[in-house]
Amino acid sequence: MVRKRGVRVTILVEDKLLERFAREALLELGYHRRELRVLPYPVGRGSAKQWVDHQYPIEMQAYRRVAQYQRVALLVGSEADELSVETRRHQLDSSLESSSLPGRGDDEHVCIWVPKWHVETWILHLLGEQVDEETNYKNRVRHLRINFSQIAAKFVAYYRTGVAVTTPVLPSLELAIAETRRLDF
Amino acid sequence: MITRLYADNYKCLVNFEWRPTSLQLIVGDNGSGKSTVFDILGILRDFVVGGTGVDSAFGGRTLTAWDQRTEQTFELDMEANDGKYRYRLAIEHDPDRMKRRVKSEKLAFSDASLYDFDGREAHLFRDDGSRGPSFPFDWSRSALATIPERPDNRRLTWFRDRLRDIYIFSPDPRQMDSLADCEVDRPDLHLKDLAAWLRHLSQQSFEVVNELRDSLKEGVLQGFRDFRLERRGESGRVLQFDFEFDGHSAKREKPFSFSLKELSDGQRCLVALFTMLHASVRQDAVLCVDEPDNFVALRELQPWLTKLNDRVHDRHGQCLIVSHHPELINYLAAEHGVRFTRDDAGPARVKPFEWTNEEMLAPSEIIARGWE
């Protein structure tokens with residue numbers, strides 16, 4: 001496996017499970033632990049989405065400032081919840097617009113993951129369970145003992161081969177796999 | 001896992017109750033009692049497991065300065081084995097004579113007595129709840145330290161073993177020695193016997209040593225290749241670290257090595273942090289670390305924290321951390337933070353640390369401004 005040495009990835013996510021999923025997937029992709037930078041996120045009261053919307057333009061500006069001369073990338077993870085994936089992605093685009101920033105360019109190493117409803121759906125899918133994006137699986141995963149390395153390995157196998165773990169394919173995960181290619185240098 | 005610590009009339013802790021979670025960051029001003037809770041855990045461990053005498057464990061000025069009472073109380077709850085252990089200790093002080101004695105000491109599992117010392121006699125109870133032997137005992141130490149394991153007292157000895165597995169560290173790399181004259185399974189507070197602990201681990205726990213080696217290879221120590229204990233004299237071992245860099249290895253030259261003492265303060269501290277992470281974060285053990293961030297470069301802290309966070313979750317361990325460092329506060333406080341406070345020089349109190357998206361400042365900045 002090619003080590004992605006020297007690429008520094010900032011991780012902007014809205015909760016702990018998504019953070020763990022993102023970190024494990026990036027480690028499996030070959031990043032070093034010390035090349036990953038997790039930003040703090042709020043817990044408890046208030047909407048974590050608003051926090052991500054607030055931080056995204058700030059991080060985008062920071063990314064653009066150094067991307068010309070350093071190997072850096074930004075991974076943004078926010079769950080769709082009751083919204084559609086498209087709506088949530090549009091909200092993130094709008095947060096750039098509201099800050100008078102240009103939209104995300106095709107050549108920018110900025111990757112957006114929007115699980116529907118939550119990252120729990122992806123986790124169950126990668127564990128080989130039949131799940132769909134209409135059902136909320138938040139409570140089903142809460143008490144599971146999850147082997148994150150195993151899940152990350154399946155995510156990366158999916159990323160490398162393009163073959164889904166099980167059917168039906170999850171559109172939000174497929175989109176995330178495509179988005180992950182933005183991290184390639 | 002420790003689920004509750006209660007202390008009354010001990011330094012700044014008066015009627016003080018704290019319910020730690022599996023991963024907990026303790027923040028607070030200087031003198032707010034953060035390190036005092038670690039002191040108590042260490043004292044209870046040494047008193048119950050090590051047989052330390054009451055004068056040594058609770059000597060000096062440990063009574064609350066403004067409180068006229070002469071009795072101290074400590075309670076420690078642990079959840080395990082589908083039930084709850086509660087240990088309770090009362091110490092009676094005689095300030096005029098500078099003496100103290102154990103007034104009472106009790107251990108129960110889900111409200112059923114396992115041990116009861118009333119100041120004169122110790123009463124033992126079997127795991128099935130039936131009354132066991134009673135015997136007169138000295139009030140200057142804990143009889144728990146002397147009770148051998150038997151088939152009918154497994155619960156009692158399980159609790160004592162878990163107290164033994166409370167590791168308390170305040171790493172000080174300047175005290176860490178390269179030479180290990182012997183094996184040490186319970187290293188001291190400042191980890192000056194880190195090499196001796198690694199000597200013990202390399203004999204007893206290959207898994208821990210291999211995990212540590214892998215962690216150090218993940219870029220924690222730049223250019224690290226391996227560590228080893230090199231024979232020195234009749235029974236000594238020196239902890240050596242091998243390094244190489246790309247240009248060096250291309251020439252097929254041997255790695256060059258440094259002893260632990262020859263590493264920088266920060267590198268020694270990183271070795272200590274990853275050793276404690278791999279050796280002490282496991283089921284039924286408790287790792288307490290006071291300011292792990294000292295000496296360590298900013299960029300090295302989050303990789304350690306993410307690994308710690310994952311390991312506490314995956315291995316069902318418990319880790320309690322005291323820190324003032326923004327890096328630890330920003331990563332841990334929102335979900336795992338508690339705040340110790342005192343009004344002027346009054347008693348310490350503990351409150352959850354709350355951080356929501358309504359506050360557009362990082363948790364460390366909120367603390368720095370005193371807005372928490």
# chains A, B, ... in the order shown; residues from 1 in each chain; ligands from 1
$ residues_around --residues "Met360 (chain B)" --least-positions-apart "4" --cutoff "10 Å" --atoms "only C-alpha atoms" --output "PyMOL selection string"
(chain A and resi 51+54-55) or (chain B and resi 355-356+365-366)
$ closest_atom_pairs --of "chain A" --to "chain B" --cutoff "12 Å" --atoms "only C-alpha atoms" --output "CSV"
residue,atom,partner,partner_atom,distance
A:Arg3,CA,B:Glu218,CA,11.2
A:Arg5,CA,B:Gly219,CA,10.3
A:Gly6,CA,B:Gly219,CA,11.5
A:Arg8,CA,B:Arg299,CA,11.7
A:Glu14,CA,B:Asn357,CA,10.4
A:Asp15,CA,B:Glu335,CA,9.9
A:Lys16,CA,B:Glu335,CA,9.0
A:Leu17,CA,B:Asp310,CA,10.7
A:Glu19,CA,B:Thr306,CA,9.8
A:Arg20,CA,B:Asp310,CA,7.9
A:Phe21,CA,B:Asp310,CA,11.0
A:Ala22,CA,B:Thr306,CA,12.0
A:Arg23,CA,B:Thr306,CA,8.9
A:Glu24,CA,B:Asp310,CA,10.1
A:Leu27,CA,B:Glu218,CA,10.7
A:Gly30,CA,B:Glu218,CA,11.2
A:Tyr31,CA,B:Glu218,CA,10.1
A:His32,CA,B:Glu218,CA,6.7
A:Arg33,CA,B:Pro303,CA,5.8
A:Arg34,CA,B:Pro303,CA,5.3
A:Glu35,CA,B:Pro303,CA,8.5
A:Leu36,CA,B:Pro303,CA,7.9
A:Arg37,CA,B:Gln302,CA,7.5
A:Val38,CA,B:Tyr331,CA,7.9
A:Leu39,CA,B:Tyr331,CA,7.4
A:Pro40,CA,B:Tyr331,CA,5.5
A:Tyr41,CA,B:Ala334,CA,7.5
A:Pro42,CA,B:Thr356,CA,4.9
A:Val43,CA,B:Ala334,CA,5.7
A:Gly44,CA,B:Thr356,CA,6.6
A:Arg45,CA,B:Thr356,CA,5.8
A:Gly46,CA,B:Asn357,CA,5.7
A:Ser47,CA,B:Asn357,CA,6.6
A:Ala48,CA,B:Asn357,CA,6.4
A:Lys49,CA,B:Asn357,CA,8.8
A:Gln50,CA,B:Asn357,CA,7.1
A:Trp51,CA,B:Asn357,CA,5.4
A:Val52,CA,B:Asn357,CA,9.1
A:Asp53,CA,B:Asn357,CA,10.6
A:His54,CA,B:Met360,CA,8.7
A:Gln55,CA,B:Met360,CA,9.5
A:His143,CA,B:His313,CA,11.9
A:Leu144,CA,B:Asp314,CA,11.2
A:Arg145,CA,B:Asp314,CA,8.0
A:Ile146,CA,B:Asp314,CA,8.2
A:Asn147,CA,B:Asp314,CA,8.2
A:Phe148,CA,B:Asp314,CA,9.2
A:Ser149,CA,B:Asp314,CA,11.0
$ write_last_selection --atoms "C-alpha atoms" --output "PDB file, in the first residue's frame"
ATOM      1  CA  ARG A   3       1.812   5.609   2.084  1.00  0.00           C
ATOM      2  CA  ARG A   5       3.248  10.663   3.400  1.00  0.00           C
ATOM      3  CA  GLY A   6       3.371  14.394   3.519  1.00  0.00           C
ATOM      4  CA  ARG A   8      -2.009  16.664   5.808  1.00  0.00           C
ATOM      5  CA  GLU A  14     -19.997  16.893  13.421  1.00  0.00           C
ATOM      6  CA  ASP A  15     -19.791  13.947  15.777  1.00  0.00           C
ATOM      7  CA  LYS A  16     -17.617  11.291  17.320  1.00  0.00           C
ATOM      8  CA  LEU A  17     -18.720   8.314  15.241  1.00  0.00           C
ATOM      9  CA  GLU A  19     -14.785  11.296  13.291  1.00  0.00           C
ATOM     10  CA  ARG A  20     -13.748   7.728  14.100  1.00  0.00           C
ATOM     11  CA  PHE A  21     -15.000   6.474  10.747  1.00  0.00           C
ATOM     12  CA  ALA A  22     -13.126   9.202   8.896  1.00  0.00           C
ATOM     13  CA  ARG A  23      -9.886   8.665  10.823  1.00  0.00           C
ATOM     14  CA  GLU A  24      -9.935   4.904  10.376  1.00  0.00           C
ATOM     15  CA  LEU A  27      -5.432   5.494   8.077  1.00  0.00           C
ATOM     16  CA  GLY A  30      -2.348   5.125   3.934  1.00  0.00           C
ATOM     17  CA  TYR A  31      -2.291   8.414   5.796  1.00  0.00           C
ATOM     18  CA  HIS A  32      -0.251   8.632   8.971  1.00  0.00           C
ATOM     19  CA  ARG A  33      -2.036   9.309  12.228  1.00  0.00           C
ATOM     20  CA  ARG A  34       0.040  12.417  12.767  1.00  0.00           C
ATOM     21  CA  GLU A  35      -0.969  13.750   9.341  1.00  0.00           C
ATOM     22  CA  LEU A  36      -4.610  13.901  10.391  1.00  0.00           C
ATOM     23  CA  ARG A  37      -5.960  16.903  12.196  1.00  0.00           C
ATOM     24  CA  VAL A  38      -9.397  16.621  13.807  1.00  0.00           C
ATOM     25  CA  LEU A  39     -11.154  19.890  14.577  1.00  0.00           C
ATOM     26  CA  PRO A  40     -13.237  20.128  17.747  1.00  0.00           C
ATOM     27  CA  TYR A  41     -16.998  19.780  17.401  1.00  0.00           C
ATOM     28  CA  PRO A  42     -19.781  20.603  19.854  1.00  0.00           C
ATOM     29  CA  VAL A  43     -21.587  17.966  21.838  1.00  0.00           C
ATOM     30  CA  GLY A  44     -25.044  18.152  23.349  1.00  0.00           C
ATOM     31  CA  ARG A  45     -27.236  21.193  22.889  1.00  0.00           C
ATOM     32  CA  GLY A  46     -27.410  23.002  19.578  1.00  0.00           C
ATOM     33  CA  SER A  47     -27.021  21.822  16.021  1.00  0.00           C
ATOM     34  CA  ALA A  48     -23.666  20.400  15.054  1.00  0.00           C
ATOM     35  CA  LYS A  49     -24.596  21.146  11.436  1.00  0.00           C
ATOM     36  CA  GLN A  50     -24.580  24.864  12.123  1.00  0.00           C
ATOM     37  CA  TRP A  51     -21.134  24.432  13.584  1.00  0.00           C
ATOM     38  CA  VAL A  52     -19.909  22.658  10.436  1.00  0.00           C
ATOM     39  CA  ASP A  53     -21.539  25.351   8.263  1.00  0.00           C
ATOM     40  CA  HIS A  54     -19.781  27.997  10.314  1.00  0.00           C
ATOM     41  CA  GLN A  55     -16.378  26.299  10.209  1.00  0.00           C
ATOM     42  CA  HIS A 143     -24.719  -0.736  21.484  1.00  0.00           C
ATOM     43  CA  LEU A 144     -22.776  -2.629  18.840  1.00  0.00           C
ATOM     44  CA  ARG A 145     -19.133  -3.483  19.425  1.00  0.00           C
ATOM     45  CA  ILE A 146     -17.749  -2.109  16.211  1.00  0.00           C
ATOM     46  CA  ASN A 147     -14.462  -3.205  14.712  1.00  0.00           C
ATOM     47  CA  PHE A 148     -13.539   0.028  12.977  1.00  0.00           C
ATOM     48  CA  SER A 149     -10.444  -1.382  11.279  1.00  0.00           C
TER      49      SER A 149
END
$ residues_around --residues "region 164-175 of chain A" --least-positions-apart "4" --cutoff "6 Å" --atoms "only C-alpha atoms" --output "PyMOL selection string"
chain A and resi 115+128+158
$ select_by_dssp --residues "region 91-244 of chain B" --states "strand (DSSP E or B)" --output "ChimeraX atom specification"
/B:91-94,99-109,112-117,121-125,131-136,166-169,179-180,224-232,236-243
$ write_last_selection --atoms "C-alpha atoms" --output "CSV table (one decimal), in the first residue's frame"
chain,number,residue,atom,x,y,z
B,91,ILE,CA,-10.0,7.9,59.4
B,92,GLU,CA,-10.0,9.5,62.9
B,93,HIS,CA,-7.3,12.1,63.5
B,94,ASP,CA,-5.9,13.3,66.8
B,99,LYS,CA,-1.8,10.5,65.4
B,100,ARG,CA,-4.6,8.9,63.4
B,101,ARG,CA,-6.4,5.6,63.2
B,102,VAL,CA,-8.8,3.7,61.0
B,103,LYS,CA,-12.2,4.3,62.5
B,104,SER,CA,-14.0,2.0,60.1
B,105,GLU,CA,-13.4,0.3,56.8
B,106,LYS,CA,-16.0,-1.5,54.7
B,107,LEU,CA,-16.3,-3.1,51.3
B,108,ALA,CA,-19.6,-4.2,49.8
B,109,PHE,CA,-20.7,-5.6,46.5
B,112,ALA,CA,-23.8,-7.2,50.4
B,113,SER,CA,-20.9,-6.9,52.8
B,114,LEU,CA,-17.6,-8.4,51.8
B,115,TYR,CA,-15.5,-6.9,54.6
B,116,ASP,CA,-16.2,-4.8,57.6
B,117,PHE,CA,-13.7,-3.4,60.1
B,121,GLU,CA,-12.3,-6.4,64.6
B,122,ALA,CA,-12.3,-7.3,61.0
B,123,HIS,CA,-15.3,-9.3,59.7
B,124,LEU,CA,-15.1,-11.2,56.4
B,125,PHE,CA,-18.1,-12.3,54.3
B,131,ARG,CA,-20.5,-14.6,57.4
B,132,GLY,CA,-16.9,-15.7,57.3
B,133,PRO,CA,-14.2,-15.4,60.0
B,134,SER,CA,-13.7,-12.5,62.3
B,135,PHE,CA,-10.4,-11.5,63.9
B,136,PRO,CA,-8.9,-8.6,65.9
B,166,ILE,CA,-4.9,2.1,39.2
B,167,TYR,CA,-1.9,3.7,37.4
B,168,ILE,CA,-1.2,7.4,38.3
B,169,PHE,CA,1.4,9.3,36.4
B,179,LEU,CA,19.3,1.9,33.2
B,180,ALA,CA,16.9,-0.9,34.5
B,224,PHE,CA,12.7,5.3,14.9
B,225,ARG,CA,13.4,1.7,14.0
B,226,ASP,CA,13.3,-0.3,17.2
B,227,PHE,CA,14.1,-0.4,20.9
B,228,ARG,CA,15.9,-3.0,22.9
B,229,LEU,CA,17.3,-3.6,26.4
B,230,GLU,CA,21.0,-4.0,26.1
B,231,ARG,CA,22.8,-6.0,28.8
B,232,ARG,CA,24.9,-3.8,31.1
B,236,GLY,CA,21.4,-4.3,34.4
B,237,ARG,CA,19.8,-3.5,31.1
B,238,VAL,CA,20.0,-0.2,29.2
B,239,LEU,CA,17.1,0.9,27.2
B,240,GLN,CA,18.3,1.8,23.7
B,241,PHE,CA,16.5,3.2,20.7
B,242,ASP,CA,17.7,2.6,17.1
B,243,PHE,CA,17.2,5.2,14.4
$ closest_residue --among "B:Leu76, B:Val322, B:Ala279, B:Val271" --to "Asp293 (chain B)" --atoms "only C-alpha atoms"
B:Val322
$ residues_around --residues "Gln175 (chain B)" --least-positions-apart "4" --cutoff "12 Å" --atoms "only C-alpha atoms" --output "ChimeraX atom specification"
/B:170-171,179,188-195,260-261,265,268-269,272
$ residues_around --residues "Ala178 (chain A)" --least-positions-apart "3" --cutoff "12 Å" --atoms "only C-alpha atoms" --output "PDB file with C-alpha atoms, in the first residue's frame"
ATOM      1  CA  VAL A 110     -11.681  19.057  -0.562  1.00  0.00           C
ATOM      2  CA  CYS A 111     -13.870  16.033   0.002  1.00  0.00           C
ATOM      3  CA  ILE A 112     -17.417  16.117   1.332  1.00  0.00           C
ATOM      4  CA  TRP A 113     -19.099  13.104   2.905  1.00  0.00           C
ATOM      5  CA  VAL A 114     -22.823  13.270   3.625  1.00  0.00           C
ATOM      6  CA  PHE A 155     -14.581   1.053   2.754  1.00  0.00           C
ATOM      7  CA  VAL A 156     -11.133   1.209   1.168  1.00  0.00           C
ATOM      8  CA  TYR A 158     -14.918  -0.465  -2.098  1.00  0.00           C
ATOM      9  CA  TYR A 159     -12.927   2.674  -2.965  1.00  0.00           C
ATOM     10  CA  ARG A 160     -10.246   0.692  -4.771  1.00  0.00           C
ATOM     11  CA  THR A 161     -12.413  -1.835  -6.606  1.00  0.00           C
ATOM     12  CA  GLY A 162     -15.633   0.120  -7.028  1.00  0.00           C
ATOM     13  CA  PRO A 171     -26.192   6.289  -3.033  1.00  0.00           C
ATOM     14  CA  SER A 172     -24.712   8.472  -0.269  1.00  0.00           C
ATOM     15  CA  LEU A 173     -21.841   6.035   0.226  1.00  0.00           C
ATOM     16  CA  GLU A 174     -21.251   5.773  -3.513  1.00  0.00           C
ATOM     17  CA  LEU A 175     -21.043   9.525  -3.668  1.00  0.00           C
ATOM     18  CA  ARG A 181     -10.897  10.444  -5.006  1.00  0.00           C
ATOM     19  CA  ARG A 182     -10.521  14.182  -4.460  1.00  0.00           C
ATOM     20  CA  LEU A 183      -7.967  13.299  -1.790  1.00  0.00           C
ATOM     21  CA  ASP A 184      -5.696  11.718  -4.422  1.00  0.00           C
TER      22      ASP A 184
END
$ select_by_dssp --residues "chain A" --states "alpha helix (DSSP H)" --output "ChimeraX atom specification"
/A:16-29,48-67,85-98,119-126,138-142,148-161,171-180
$ atom_distance --atom1 "CA of Val289 (chain B)" --atom2 "CA of Leu25 (chain B)"
9.8 Å
$ residues_around --residues "Glu134 (chain A)" --least-positions-apart "4" --cutoff "12 Å" --atoms "only C-alpha atoms" --output "list of chain:residue names"
A:Ala80, A:Asp81, A:Glu82, A:Leu83, A:Ser84, A:Val85, A:Pro115, A:Lys116, A:Trp117, A:His118, A:Thr121, A:Leu170, A:Pro171, A:Ser172
$ atom_distance --atom1 "CA of Val27 (chain B)" --atom2 "CA of Pro292 (chain B)"
13.1 Å
$ closest_residue --among "A:Thr135, A:Ile11, A:Glu129, A:Leu96" --to "Ala25 (chain A)" --atoms "only C-alpha atoms"
A:Ile11
$ residues_around --residues "Tyr56 (chain A)" --least-positions-apart "3" --cutoff "10 Å" --atoms "only C-alpha atoms" --output "PyMOL selection string"
chain A and resi 12-13+50-53+59-62+74-76+92-93+95-96+99
$ write_last_selection --atoms "N, CA and C atoms" --output "compact mmCIF listing (two decimals), in the first residue's frame"
# COMPACT_ATOMS: atom_id res chain seq x y z
N LEU A 12 -13.11 17.93 9.37
CA LEU A 12 -14.18 18.75 9.98
C LEU A 12 -15.45 17.91 9.96
N VAL A 13 -15.82 17.39 11.10
CA VAL A 13 -17.00 16.53 11.18
C VAL A 13 -17.88 17.00 12.33
N GLN A 50 -24.87 23.42 12.17
CA GLN A 50 -24.58 24.86 12.12
C GLN A 50 -23.10 25.11 12.38
N TRP A 51 -22.56 24.30 13.26
CA TRP A 51 -21.13 24.43 13.58
C TRP A 51 -20.30 24.11 12.35
N VAL A 52 -20.65 23.03 11.64
CA VAL A 52 -19.91 22.66 10.44
C VAL A 52 -20.07 23.76 9.38
N ASP A 53 -21.30 24.27 9.24
CA ASP A 53 -21.54 25.35 8.26
C ASP A 53 -20.72 26.59 8.59
N GLU A 59 -12.30 27.00 7.20
CA GLU A 59 -11.33 25.97 6.83
C GLU A 59 -11.00 26.00 5.34
N MET A 60 -12.01 26.36 4.54
CA MET A 60 -11.79 26.45 3.10
C MET A 60 -10.78 27.56 2.80
N GLN A 61 -10.94 28.67 3.48
CA GLN A 61 -9.99 29.78 3.28
C GLN A 61 -8.58 29.36 3.71
N ALA A 62 -8.51 28.68 4.84
CA ALA A 62 -7.20 28.23 5.35
C ALA A 62 -6.58 27.25 4.36
N LEU A 74 -8.81 18.68 2.78
CA LEU A 74 -9.86 18.94 3.77
C LEU A 74 -10.96 17.91 3.58
N LEU A 75 -11.34 17.26 4.67
CA LEU A 75 -12.46 16.32 4.61
C LEU A 75 -13.59 16.87 5.49
N VAL A 76 -14.74 17.10 4.88
CA VAL A 76 -15.89 17.62 5.63
C VAL A 76 -16.93 16.51 5.71
N LEU A 92 -23.98 23.30 2.40
CA LEU A 92 -22.54 23.54 2.58
C LEU A 92 -22.01 24.49 1.51
N ASP A 93 -22.47 24.29 0.25
CA ASP A 93 -22.09 25.22 -0.82
C ASP A 93 -22.53 26.64 -0.46
N SER A 95 -22.91 27.95 2.40
CA SER A 95 -22.12 28.57 3.47
C SER A 95 -20.87 29.23 2.90
N LEU A 96 -20.33 28.69 1.79
CA LEU A 96 -19.21 29.36 1.12
C LEU A 96 -19.69 30.65 0.47
N SER A 99 -20.18 33.49 2.72
CA SER A 99 -18.93 34.10 3.16
C SER A 99 -18.19 34.74 2.00
$ atom_distance --atom1 "CA of Val49 (chain B)" --atom2 "CA of Glu291 (chain B)"
25.5 Å
$ decode --residues "region 25-92 of chain A" --atoms "C-alpha atoms" --output "mmCIF file, in the first residue's frame"
data_model
loop_
_atom_site.group_PDB
_atom_site.id
_atom_site.type_symbol
_atom_site.label_atom_id
_atom_site.label_comp_id
_atom_site.auth_asym_id
_atom_site.auth_seq_id
_atom_site.Cartn_x
_atom_site.Cartn_y
_atom_site.Cartn_z
ATOM 1 C CA ALA A 25 -10.722 5.194 6.662
ATOM 2 C CA LEU A 26 -7.892 7.670 6.129
ATOM 3 C CA LEU A 27 -5.432 5.494 8.077
ATOM 4 C CA GLU A 28 -6.467 2.557 5.930
ATOM 5 C CA LEU A 29 -5.946 4.678 2.831
ATOM 6 C CA GLY A 30 -2.348 5.125 3.934
ATOM 7 C CA TYR A 31 -2.291 8.414 5.796
ATOM 8 C CA HIS A 32 -0.251 8.632 8.971
ATOM 9 C CA ARG A 33 -2.036 9.309 12.228
ATOM 10 C CA ARG A 34 0.040 12.417 12.767
ATOM 11 C CA GLU A 35 -0.969 13.750 9.341
ATOM 12 C CA LEU A 36 -4.610 13.901 10.391
ATOM 13 C CA ARG A 37 -5.960 16.903 12.196
ATOM 14 C CA VAL A 38 -9.397 16.621 13.807
ATOM 15 C CA LEU A 39 -11.154 19.890 14.577
ATOM 16 C CA PRO A 40 -13.237 20.128 17.747
ATOM 17 C CA TYR A 41 -16.998 19.780 17.401
ATOM 18 C CA PRO A 42 -19.781 20.603 19.854
ATOM 19 C CA VAL A 43 -21.587 17.966 21.838
ATOM 20 C CA GLY A 44 -25.044 18.152 23.349
ATOM 21 C CA ARG A 45 -27.236 21.193 22.889
ATOM 22 C CA GLY A 46 -27.410 23.002 19.578
ATOM 23 C CA SER A 47 -27.021 21.822 16.021
ATOM 24 C CA ALA A 48 -23.666 20.400 15.054
ATOM 25 C CA LYS A 49 -24.596 21.146 11.436
ATOM 26 C CA GLN A 50 -24.580 24.864 12.123
ATOM 27 C CA TRP A 51 -21.134 24.432 13.584
ATOM 28 C CA VAL A 52 -19.909 22.658 10.436
ATOM 29 C CA ASP A 53 -21.539 25.351 8.263
ATOM 30 C CA HIS A 54 -19.781 27.997 10.314
ATOM 31 C CA GLN A 55 -16.378 26.299 10.209
ATOM 32 C CA TYR A 56 -16.436 25.153 6.572
ATOM 33 C CA PRO A 57 -15.741 28.596 5.008
ATOM 34 C CA ILE A 58 -13.028 29.255 7.594
ATOM 35 C CA GLU A 59 -11.325 25.967 6.831
ATOM 36 C CA MET A 60 -11.785 26.450 3.096
ATOM 37 C CA GLN A 61 -9.987 29.778 3.283
ATOM 38 C CA ALA A 62 -7.203 28.232 5.346
ATOM 39 C CA TYR A 63 -6.921 25.366 2.871
ATOM 40 C CA ARG A 64 -6.753 27.682 -0.136
ATOM 41 C CA ARG A 65 -4.093 29.807 1.484
ATOM 42 C CA VAL A 66 -1.638 26.913 1.774
ATOM 43 C CA ALA A 67 -2.802 24.490 -0.939
ATOM 44 C CA GLN A 68 -0.649 26.163 -3.601
ATOM 45 C CA TYR A 69 2.582 25.184 -1.930
ATOM 46 C CA GLN A 70 1.723 22.356 0.515
ATOM 47 C CA ARG A 71 0.121 18.946 0.154
ATOM 48 C CA VAL A 72 -2.996 19.533 2.205
ATOM 49 C CA ALA A 73 -6.567 18.309 2.013
ATOM 50 C CA LEU A 74 -9.857 18.935 3.774
ATOM 51 C CA LEU A 75 -12.465 16.320 4.610
ATOM 52 C CA VAL A 76 -15.887 17.625 5.625
ATOM 53 C CA GLY A 77 -18.384 15.174 7.079
ATOM 54 C CA SER A 78 -21.951 16.081 7.921
ATOM 55 C CA GLU A 79 -24.951 13.825 8.201
ATOM 56 C CA ALA A 80 -28.030 14.415 6.081
ATOM 57 C CA ASP A 81 -30.501 13.392 8.806
ATOM 58 C CA GLU A 82 -34.000 14.150 7.520
ATOM 59 C CA LEU A 83 -32.686 16.221 4.596
ATOM 60 C CA SER A 84 -31.716 14.806 1.241
ATOM 61 C CA VAL A 85 -28.012 14.427 0.550
ATOM 62 C CA GLU A 86 -28.311 17.026 -2.208
ATOM 63 C CA THR A 87 -29.931 19.533 0.146
ATOM 64 C CA ARG A 88 -27.243 19.091 2.747
ATOM 65 C CA ARG A 89 -24.497 19.460 0.160
ATOM 66 C CA HIS A 90 -26.231 22.551 -1.153
ATOM 67 C CA GLN A 91 -26.283 23.991 2.377
ATOM 68 C CA LEU A 92 -22.538 23.535 2.577
#
